[in-house]
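Everything below concerns the one structure shown next.
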Amino acid sequence: MLTLTNLTKRYGYRQVFRDVNCKIESGQIIAVTGRNGAGKSTLLRIVAGLLRPSAGKVLLTETHIGLAAPDAPLYRELTVQENLQFFAKANNVEAASRRLIKRRDAISTKTAPDIENVLERFHLTPRRHDLAGDLSSGWRARLQLAVATFAAPKVLLLDEPAANLDEAGHALLWELLDEQRQRGIALVATNDTREAARCDRALVL
Amino acid sequence: MKMLHAAWAVFEKDWRSEWRTKAGLSTSILFAVATPIALSFTMVRQKMSPEITGGLLWTVLLFAALLGLSRAFVKEEENGTAWLLRLHFPADAIMLGKTFFNFSLLLLMQIAAVPLFLILLNVHLTQPVLLLLALLLGDIGLAITSTLLGALAASARSRGALFAAIAIPVLLPLLVCATTATSACFASSIAGTYWPAMQILIGFDLAMAACVWMLFGIAWGS
């Protein structure tokens, strides 16, 4: 599903990582670990197609990607609900979900999410009308996770997802990652050894 | 259909965001309203020729537009949300959404500025419908051009300054034609310069639309 071949990234003369090789099959959760500045976030952005590698190749058979990163804020002037609606329109999740409900197909709330279900699942319902810019870092992390996962992407890229989450948030994160195993792959950039230990494999940079 | 749906989402998001911060709108309208007021004090006893009136009107509109139009992409880069757009939306949808946002911003600014300009400077308008047409075609060209240049300038460090620096030379043909056509609307009879200027303006708009269609993906880095 994802193959990295001799992947190298340099910023000017500074080499971030060199000759990274990895093959990831569907159903695997991979921890991307390494010291600070090793290039974990950079690797995720290269896989997402937001950065170009200096050398090497990324072969990805799926284009439906979800990405959450702590340094990438959402739209601060929009409320929690408006942020979700905006990204739902990008993926047409809301419309698809409405059609499914109309046809009375047997759908679980987790596989065909609408905004209400997503708000409830991520415990964001009480904060739905708050501006994203006014949220605490923990709530913002939940919202970023919701945006990254609610369209059920085949490839999920999470950059330090647990950094600002409480216990309940951790549990939700692993519930999401277990679901991700059923539909594709996930790359989780982390320095937390306990978190890395729960993944299927580790890619050390 | 999905592309239009996504373009509408970008347009709606930009307006919602703009309405709450009023960063681009207030700057543009303030400039576009304050300049005719200042001009009205200095030109109170002077009779201006149609050419000077048309030139002044487009100078006000151009600089007011440059203040607001660069915001559409600059704020995405400044807030760190540009990568979210790149990841979730196709480049065509972003281009369409941002172009319509820029166009509507220009229309709103002109609704506030143009009547005030005409009243305060005591301009004798002979061809109101043709003036509207000239303003509309000028706005379309400005909106299309600023979408491409905004995307190009957004990733640079001095985004605002770079946008203005590259926009003015590119917009020069539009400015000359729009000024010529607008000036003809203030003359006692419609001058023979109006329709040739409008033809070039239509040509400019079409050429820029083709350029944006082909180059936006590269400029936006999708």
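Every chain in the structure tokens takes a letter, A first, then B, and so on in the order presented; its residues are numbered from 1, and the ligands are numbered from 1 following the presented order.
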
Worksheet item: Counting only C-alpha atoms, which residues of chain A come no farther than 12 Å from chain B, as a VMD selection string?
Response: chain A and resid 45 to 52 63 to 79 82 to 96 131 to 133 144 147 to 148 151 153 157

Discussion item. Please list as a PyMOL selection string every residue within 10 Å of Cys22 of chain A, counting only C-alpha atoms and excluding residues in the same chain fewer than 4 positions away.
Written reply: chain A and resi 2-7+58+203

Discussion item. Please return, as a ChimeraX atom specification, all residues of segment 19-61 of chain B that DSSP assigns to helix (DSSP H, G or I) on the basis of the backbone.
Written reply: /B:19-21,23-42,50-61

Practice prompt. Give me the residues within 10 Å of Glu160 of chain A as an MDAnalysis selection string, counting only C-alpha atoms and dropping any in the same chain fewer than 6 places off.
Written response: chainID A and resid 32 40:41 68:71 141 188:192 195

Worksheet item: Skipping near chain neighbours, those fewer than 2 positions away, what residues fall within 9 Å of Ser40 of chain B using only C-alpha atoms, listed as a ChimeraX atom specification?
Response: /B:35-38,42-44,117,120-122

Item to complete: Write out as a ChimeraX atom specification which residues come within 8 Å of segment 175-189 of chain B when counting only C-alpha atoms, dropping same-chain ones fewer than 3 positions away.
Response: /B:50-55,58,123-128,130-131,134-135,138,171-172,193-195,197-198,200-201

Worksheet item: How many Å separate atom CA of Phe204 of chain B from atom CA of Gly141 of chain B?
Response: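 Between these atoms lies a distance of 7.1 Å.
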
Item to complete: Can you check which residues of segment 48-199 of chain A DSSP gives as strand (DSSP E or B) on the backbone and send them as number ranges by chain?
Response: A: 55-60, 65-68, 79, 131, 155-159, 185-189

Output of the above residues as a compact mmCIF listing (two decimals), in the first residue's frame, restricted to all heavy atoms:
```txt
# COMPACT_ATOMS: atom_id res chain seq x y z
N ALA A 55 15.40 13.19 -2.68
CA ALA A 55 15.69 12.01 -3.51
C ALA A 55 14.82 10.86 -3.05
O ALA A 55 14.27 10.89 -1.95
CB ALA A 55 17.17 11.64 -3.39
N GLY A 56 14.72 9.85 -3.88
CA GLY A 56 13.92 8.67 -3.52
C GLY A 56 12.48 8.78 -3.98
O GLY A 56 12.09 9.78 -4.60
N LYS A 57 11.71 7.73 -3.68
CA LYS A 57 10.34 7.66 -4.19
C LYS A 57 9.35 7.28 -3.10
O LYS A 57 9.67 6.53 -2.18
CB LYS A 57 10.26 6.59 -5.29
CG LYS A 57 10.72 7.06 -6.64
CD LYS A 57 10.54 5.95 -7.65
CE LYS A 57 11.13 6.36 -9.00
NZ LYS A 57 11.13 5.24 -9.93
N VAL A 58 8.15 7.80 -3.26
CA VAL A 58 7.02 7.39 -2.41
C VAL A 58 5.99 6.78 -3.34
O VAL A 58 5.51 7.44 -4.26
CB VAL A 58 6.39 8.60 -1.68
CG1 VAL A 58 5.18 8.16 -0.85
CG2 VAL A 58 7.40 9.30 -0.80
N LEU A 59 5.68 5.52 -3.10
CA LEU A 59 4.64 4.87 -3.92
C LEU A 59 3.45 4.58 -3.02
O LEU A 59 3.54 3.79 -2.07
CB LEU A 59 5.18 3.57 -4.52
CG LEU A 59 4.26 2.90 -5.52
CD1 LEU A 59 4.10 3.74 -6.78
CD2 LEU A 59 4.80 1.52 -5.88
N LEU A 60 2.35 5.26 -3.31
CA LEU A 60 1.15 5.13 -2.47
C LEU A 60 -0.01 4.73 -3.37
O LEU A 60 -0.29 5.41 -4.36
CB LEU A 60 0.89 6.49 -1.81
CG LEU A 60 -0.13 6.58 -0.69
CD1 LEU A 60 0.19 5.66 0.46
CD2 LEU A 60 -0.21 8.02 -0.16
N ILE A 65 -6.28 10.64 1.98
CA ILE A 65 -5.35 10.78 3.10
C ILE A 65 -5.95 11.71 4.16
O ILE A 65 -6.54 12.73 3.85
CB ILE A 65 -4.00 11.37 2.60
CG1 ILE A 65 -3.37 10.43 1.57
CG2 ILE A 65 -3.05 11.63 3.76
CD1 ILE A 65 -2.19 11.02 0.85
N GLY A 66 -5.75 11.33 5.42
CA GLY A 66 -6.11 12.22 6.54
C GLY A 66 -4.85 12.55 7.31
O GLY A 66 -4.00 11.68 7.51
N LEU A 67 -4.69 13.81 7.69
CA LEU A 67 -3.47 14.22 8.39
C LEU A 67 -3.82 15.15 9.54
O LEU A 67 -4.60 16.08 9.37
CB LEU A 67 -2.53 14.94 7.39
CG LEU A 67 -1.29 15.65 7.92
CD1 LEU A 67 -0.31 14.67 8.55
CD2 LEU A 67 -0.57 16.40 6.79
N ALA A 68 -3.25 14.87 10.70
CA ALA A 68 -3.43 15.77 11.86
C ALA A 68 -2.06 16.08 12.43
O ALA A 68 -1.26 15.16 12.64
CB ALA A 68 -4.31 15.11 12.91
N THR A 79 -16.22 28.24 13.87
CA THR A 79 -16.53 27.44 15.06
C THR A 79 -16.14 25.98 14.80
O THR A 79 -15.82 25.60 13.67
CB THR A 79 -18.03 27.50 15.38
OG1 THR A 79 -18.74 26.89 14.31
CG2 THR A 79 -18.51 28.92 15.57
N LEU A 131 -15.40 29.23 18.81
CA LEU A 131 -14.43 29.43 17.72
C LEU A 131 -13.23 28.51 17.96
O LEU A 131 -12.79 28.34 19.11
CB LEU A 131 -13.96 30.88 17.68
CG LEU A 131 -15.01 31.93 17.34
CD1 LEU A 131 -14.39 33.32 17.35
CD2 LEU A 131 -15.65 31.67 15.98
N VAL A 155 -5.40 6.24 4.26
CA VAL A 155 -4.07 6.49 4.83
C VAL A 155 -4.22 7.58 5.89
O VAL A 155 -4.65 8.69 5.59
CB VAL A 155 -3.08 6.96 3.74
CG1 VAL A 155 -1.70 7.22 4.33
CG2 VAL A 155 -2.99 5.93 2.63
N LEU A 156 -3.88 7.25 7.13
CA LEU A 156 -4.02 8.20 8.23
C LEU A 156 -2.62 8.57 8.74
O LEU A 156 -1.84 7.68 9.09
CB LEU A 156 -4.87 7.60 9.35
CG LEU A 156 -5.14 8.48 10.56
CD1 LEU A 156 -5.88 9.75 10.17
CD2 LEU A 156 -5.96 7.71 11.60
N LEU A 157 -2.31 9.86 8.75
CA LEU A 157 -1.00 10.33 9.19
C LEU A 157 -1.20 11.21 10.42
O LEU A 157 -1.86 12.25 10.34
CB LEU A 157 -0.33 11.13 8.07
CG LEU A 157 -0.26 10.43 6.70
CD1 LEU A 157 0.16 11.40 5.61
CD2 LEU A 157 0.69 9.25 6.74
N LEU A 158 -0.66 10.79 11.55
CA LEU A 158 -0.85 11.53 12.80
C LEU A 158 0.50 11.95 13.35
O LEU A 158 1.38 11.12 13.57
CB LEU A 158 -1.60 10.67 13.82
CG LEU A 158 -2.97 10.13 13.40
CD1 LEU A 158 -3.54 9.23 14.49
CD2 LEU A 158 -3.94 11.27 13.10
N ASP A 159 0.65 13.25 13.58
CA ASP A 159 1.90 13.80 14.09
C ASP A 159 1.72 14.13 15.56
O ASP A 159 0.98 15.06 15.90
CB ASP A 159 2.26 15.06 13.27
CG ASP A 159 3.66 15.54 13.55
OD1 ASP A 159 4.34 14.91 14.38
OD2 ASP A 159 4.07 16.54 12.94
N ILE A 185 -3.94 2.02 6.40
CA ILE A 185 -2.72 2.09 7.20
C ILE A 185 -2.70 3.41 7.99
O ILE A 185 -3.43 4.35 7.66
CB ILE A 185 -1.45 2.02 6.33
CG1 ILE A 185 -1.40 3.19 5.33
CG2 ILE A 185 -1.35 0.70 5.61
CD1 ILE A 185 -0.05 3.38 4.68
N ALA A 186 -1.86 3.43 9.02
CA ALA A 186 -1.66 4.68 9.77
C ALA A 186 -0.19 4.82 10.09
O ALA A 186 0.48 3.83 10.43
CB ALA A 186 -2.49 4.69 11.03
N LEU A 187 0.33 6.05 9.97
CA LEU A 187 1.69 6.36 10.40
C LEU A 187 1.56 7.33 11.56
O LEU A 187 0.93 8.39 11.42
CB LEU A 187 2.48 7.02 9.26
CG LEU A 187 3.34 6.10 8.39
CD1 LEU A 187 2.45 5.23 7.53
CD2 LEU A 187 4.27 6.91 7.50
N VAL A 188 2.13 6.97 12.70
CA VAL A 188 1.99 7.80 13.90
C VAL A 188 3.38 8.28 14.31
O VAL A 188 4.21 7.48 14.76
CB VAL A 188 1.34 6.99 15.05
CG1 VAL A 188 1.13 7.88 16.27
CG2 VAL A 188 0.03 6.37 14.60
N ALA A 189 3.65 9.57 14.14
CA ALA A 189 4.93 10.14 14.55
C ALA A 189 4.86 10.41 16.05
O ALA A 189 3.98 11.12 16.51
CB ALA A 189 5.21 11.43 13.80
```

Discussion item. Can you pull out the residues contacting Arg18 of chain A? Cut-off 8 Å, using only C-alpha atoms, and skip same-chain residues under 2 positions away; I want them as a PyMOL selection string.
Written reply: chain A and resi 6-9+15-16+20

Next, write the just-selected residues to a file, as a compact mmCIF listing (two decimals), in the first residue's frame, keeping C-alpha atoms as the atom set.
```txt
# COMPACT_ATOMS: atom_id res chain seq x y z
CA ASN A 6 15.71 5.46 -0.65
CA LEU A 7 13.76 8.46 0.63
CA THR A 8 16.04 11.41 1.41
CA LYS A 9 15.23 14.93 2.54
CA GLN A 15 20.29 16.57 5.75
CA VAL A 16 17.17 15.59 7.68
CA VAL A 20 14.67 5.58 4.26
```

Discussion item. Ranking A:Thr33, A:Thr61, A:Ser54, A:Gln81 by minimum distance to Thr193 of chain A and counting only C-alpha atoms, which one comes first?
Written reply: A:Thr33

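Atom to atom, atom CA of Phe216 of chain B and atom CA of Leu148 of chain B stand 6.0 Å apart.
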